Each structure stands twice: as C-alpha cells, then as structure tokens.
Amino acid sequence: MAQSYLRWFAWVRVYAMERRQAALGSAAFFVLAPGGVAGLVPWLLTRWRVEEPLPFWLPLRVLGALLLLAGLAVLISSFARFAAEGLGTPAPVAPPDRLVVGGFYRYVRNPMYLAVLSLIVGQALVLGQLVLFAYAAVVTAAFTAMVHWHEEPALHRQFGDQYDTYRAAVPGWLPRLRPWVSS
C-alpha cells in the first residue's frame with residue numbers, strides 16, 4: 001500500500017511540474033508572440049493615438065471595445081488550455097504533448113489566431129486608425145499560410161488519426177455554432 005501511494009505521489013509531482021513548466025512557457029510566449037503582434041506593432045503603427053476618421057464613429061468604437069474584450073478572453077483561455085490540457089505551450093519550440101481540443105477549440109481550430117485578429121481590428125475601431133485594418137490583412141495572410149503550410153502538417157505527423165478526426169469535425173476559421181464533442 002505504501003509503495004503504491006509513493007508511486008502515485010511521484011506521478012502527481014511530475015505531472016504538477018509539467019503543468020507548471022507549461023504554464024510558465026505559455027506565459028512567456030503570450031508576452032512575446034501575441035504581445036508583439038497585437039500590442040507592440042499596433043502601438044508602433046499608431047502610438048495609440050485616437051482619431052476620428054468618419055463622423056459618428058462612436059458605435060464603431062463600442063464594437064471595437066467588445067472585440068478587444070472578447071479577443072483577450074479567448075486568447076487567455078486558449079493559452080491556459082495549452083498548459084492545462086496539452087501540457088505544453090503554443091510555442092513551436094515547446095508544443096503540447098496532447099492534442100488540445102477543449103474550450104474554444106471545440107468551436108474552431110484556430111481560436112488564438114482569431115483572438116489576435118480581434119485585438120488588432122478592435123484597436124483599429126477604438127482608435128479610429130485605419131492603418132490597423134491593412135495590418136490585420138497582412139497578419140491574416142501570415143496566419144493562414146503558417147497554419148496551412150506548417151501547423152496542420154505538423155499536427156497530422158504528431159497526432160495522426162486523432163488530429164484528422166478533429167480537423168474533419170471542427171472548422172479552421174469560422175466557428176461552429178455548437179461545440180464538437182469527441183468520441
């Protein structure tokens with residue numbers, strides 16, 4: 001009995017360390033990647049100056065604020081899911097050990113990318129900075145290419161049929177109305 005308790009305790013300890021390392025790695029990557037793409041670059045482009053490109057811009061500012069809040073919530077939740085469910089990070093150098101299919105990933109395969117785009121478009125609307133729409137288009141093209149040419153083949157190699165089943169059931173860019181439930 002004591003030996004099985006010690007084995008269980010050792011397993012829990014290793015699992016907790018993996019989770020802690022995944023959480024720290026995800027936090028660092030959060031600051032670097034989305035922080036740079038959706039924070040630093042928009043600031044460099046606009047210095048976060050508020051402009052009034054058209055009369056009656058206020059309703060669009062409200063929409064932008066909602067996009068910012070939603071994007072941030074989805075991004076934080078998705079990053080946390082990588083650490084908790086996948087025992088890894090979204091960073092290519094420390095990928096998850098398990099395929100992440102819970103939370104927002106039940107609705108769309110790329111919630112982080114959509115969240116980052118929401119943050120950029122939200123800032124464009126809040127600030128009235130039209131240059132951020134052009135930047136969002138460039139980022140969309142980069143994300144799409146990266147997913148198609150790198151991430152999807154890598155996920156197929158790592159997770160095989162499990163990823164193929166998930167990919168067939170959950171759309172990449174336009175969220176499902178109802179969550180996917182894996183069998």
# chains A, B, ... in the order shown; residues from 1 in each chain; ligands from 1
call {"tool": "residues_around", "arguments": {"residues": "stretch 39-53 of chain A", "least_positions_apart": "4", "cutoff": "9 Å", "atoms": "only C-alpha atoms", "output": "JSON, numbers by chain"}}
result
{"A": [34, 35, 57, 119, 120, 123, 124, 126, 127, 128, 129, 130, 131, 132, 135]}
call {"tool": "write_last_selection", "arguments": {"atoms": "C-alpha atoms", "output": "compact mmCIF listing (two decimals), in the first residue's frame"}}
result
# COMPACT_ATOMS: atom_id res chain seq x y z
CA PRO A 34 0.51 37.93 -29.23
CA GLY A 35 2.01 40.76 -27.19
CA TRP A 57 -17.51 56.83 -35.20
CA LEU A 119 -7.46 42.50 -30.86
CA ILE A 120 -5.98 44.22 -33.92
CA GLN A 123 -7.84 48.58 -31.73
CA ALA A 124 -8.45 49.85 -35.28
CA VAL A 126 -11.41 52.02 -30.89
CA LEU A 127 -8.58 54.24 -32.08
CA GLY A 128 -10.07 55.10 -35.46
CA GLN A 129 -6.74 54.07 -37.00
CA LEU A 130 -7.43 52.69 -40.46
CA VAL A 131 -3.79 51.57 -40.92
CA LEU A 132 -4.54 48.75 -38.48
CA TYR A 135 -2.03 45.43 -40.81
call {"tool": "residues_around", "arguments": {"residues": "A:Val93", "least_positions_apart": "2", "cutoff": "12 Å", "atoms": "only C-alpha atoms", "output": "list in words"}}
result
Ala22, Gly25, Ser26, Phe29, Gly88, Thr89, Pro90, Ala91, Pro95 and Pro96 of chain A
call {"tool": "write_last_selection", "arguments": {"atoms": "N, CA, C and O atoms", "output": "JSON list (two decimals), in the first residue's frame"}}
result
[["chain", "number", "residue", "atom", "x", "y", "z"],
["A", 22, "ALA", "N", 4.72, 24.20, -18.28],
["A", 22, "ALA", "CA", 3.89, 24.56, -19.42],
["A", 22, "ALA", "C", 3.24, 25.93, -19.20],
["A", 22, "ALA", "O", 3.18, 26.75, -20.11],
["A", 25, "GLY", "N", 5.97, 28.61, -19.59],
["A", 25, "GLY", "CA", 6.32, 28.74, -21.00],
["A", 25, "GLY", "C", 5.23, 29.43, -21.79],
["A", 25, "GLY", "O", 5.50, 30.28, -22.65],
["A", 26, "SER", "N", 3.99, 29.09, -21.50],
["A", 26, "SER", "CA", 2.86, 29.74, -22.18],
["A", 26, "SER", "C", 2.80, 31.22, -21.84],
["A", 26, "SER", "O", 2.54, 32.05, -22.71],
["A", 29, "PHE", "N", 5.54, 33.00, -23.80],
["A", 29, "PHE", "CA", 5.18, 33.07, -25.22],
["A", 29, "PHE", "C", 4.03, 34.05, -25.45],
["A", 29, "PHE", "O", 3.98, 34.74, -26.47],
["A", 88, "GLY", "N", 1.77, 21.66, -22.57],
["A", 88, "GLY", "CA", 2.79, 22.29, -23.40],
["A", 88, "GLY", "C", 2.43, 23.75, -23.59],
["A", 88, "GLY", "O", 1.63, 24.30, -22.84],
["A", 89, "THR", "N", 3.02, 24.33, -24.60],
["A", 89, "THR", "CA", 2.77, 25.74, -24.90],
["A", 89, "THR", "C", 2.35, 25.87, -26.35],
["A", 89, "THR", "O", 2.56, 24.96, -27.15],
["A", 90, "PRO", "N", 1.81, 27.03, -26.74],
["A", 90, "PRO", "CA", 1.54, 27.27, -28.15],
["A", 90, "PRO", "C", 2.82, 27.52, -28.96],
["A", 90, "PRO", "O", 2.80, 27.52, -30.17],
["A", 91, "ALA", "N", 3.94, 27.73, -28.28],
["A", 91, "ALA", "CA", 5.21, 28.00, -28.96],
["A", 91, "ALA", "C", 5.68, 26.76, -29.70],
["A", 91, "ALA", "O", 5.67, 25.66, -29.14],
["A", 95, "PRO", "N", 5.89, 22.38, -27.98],
["A", 95, "PRO", "CA", 4.50, 22.06, -28.29],
["A", 95, "PRO", "C", 3.86, 21.15, -27.24],
["A", 95, "PRO", "O", 4.56, 20.52, -26.45],
["A", 96, "PRO", "N", 2.54, 21.08, -27.23],
["A", 96, "PRO", "CA", 1.86, 20.23, -26.25],
["A", 96, "PRO", "C", 2.08, 18.75, -26.53],
["A", 96, "PRO", "O", 2.34, 18.34, -27.66]]
call {"tool": "atom_distance", "arguments": {"atom1": "atom CA of A:Arg178", "atom2": "atom CA of A:Arg106"}}
result
8.3 Å
call {"tool": "residues_around", "arguments": {"residues": "A:Ala137", "least_positions_apart": "6", "cutoff": "10 Å", "atoms": "only C-alpha atoms", "output": "PyMOL selection string"}}
result
chain A and resi 117+120-121+143
call {"tool": "residues_around", "arguments": {"residues": "A:Asp97", "least_positions_apart": "5", "cutoff": "10 Å", "atoms": "only C-alpha atoms", "output": "VMD selection string"}}
result
chain A and resid 82 to 83 85 to 89 158 to 159
call {"tool": "atom_distance", "arguments": {"atom1": "atom CA of A:Ala145", "atom2": "atom CA of A:Leu69"}}
result
26.4 Å
call {"tool": "select_by_dssp", "arguments": {"residues": "chain A", "states": "alpha helix (DSSP H)", "output": "PyMOL selection string"}}
result
chain A and resi 2-35+41-46+58-84+111-127+131-146+152-159+161-169
call {"tool": "closest_residue", "arguments": {"among": "A:Thr140, A:Glu151, A:Val74, A:Arg109", "to": "A:Ala168", "atoms": "only C-alpha atoms"}}
result
A:Arg109
call {"tool": "closest_residue", "arguments": {"among": "A:Val139, A:Ala28, A:Asn110, A:Tyr105", "to": "A:Glu152", "atoms": "only C-alpha atoms"}}
result
A:Asn110
call {"tool": "closest_residue", "arguments": {"among": "A:Ala27, A:Leu67, A:Leu99, A:Ala136", "to": "A:His156", "atoms": "only C-alpha atoms"}}
result
A:Leu99
call {"tool": "residues_around", "arguments": {"residues": "stretch 169-174 of chain A", "least_positions_apart": "4", "cutoff": "10 Å", "atoms": "only C-alpha atoms", "output": "PyMOL selection string"}}
result
chain A and resi 101+105-111+113-114+144+147-148+163-165+179-182
call {"tool": "atom_distance", "arguments": {"atom1": "atom CA of A:Ile76", "atom2": "atom CA of A:Val100"}}
result
14.5 Å
call {"tool": "closest_residue", "arguments": {"among": "A:Leu177, A:Phe79, A:Leu60, A:Phe133", "to": "A:Val31", "atoms": "only C-alpha atoms"}}
result
A:Phe79
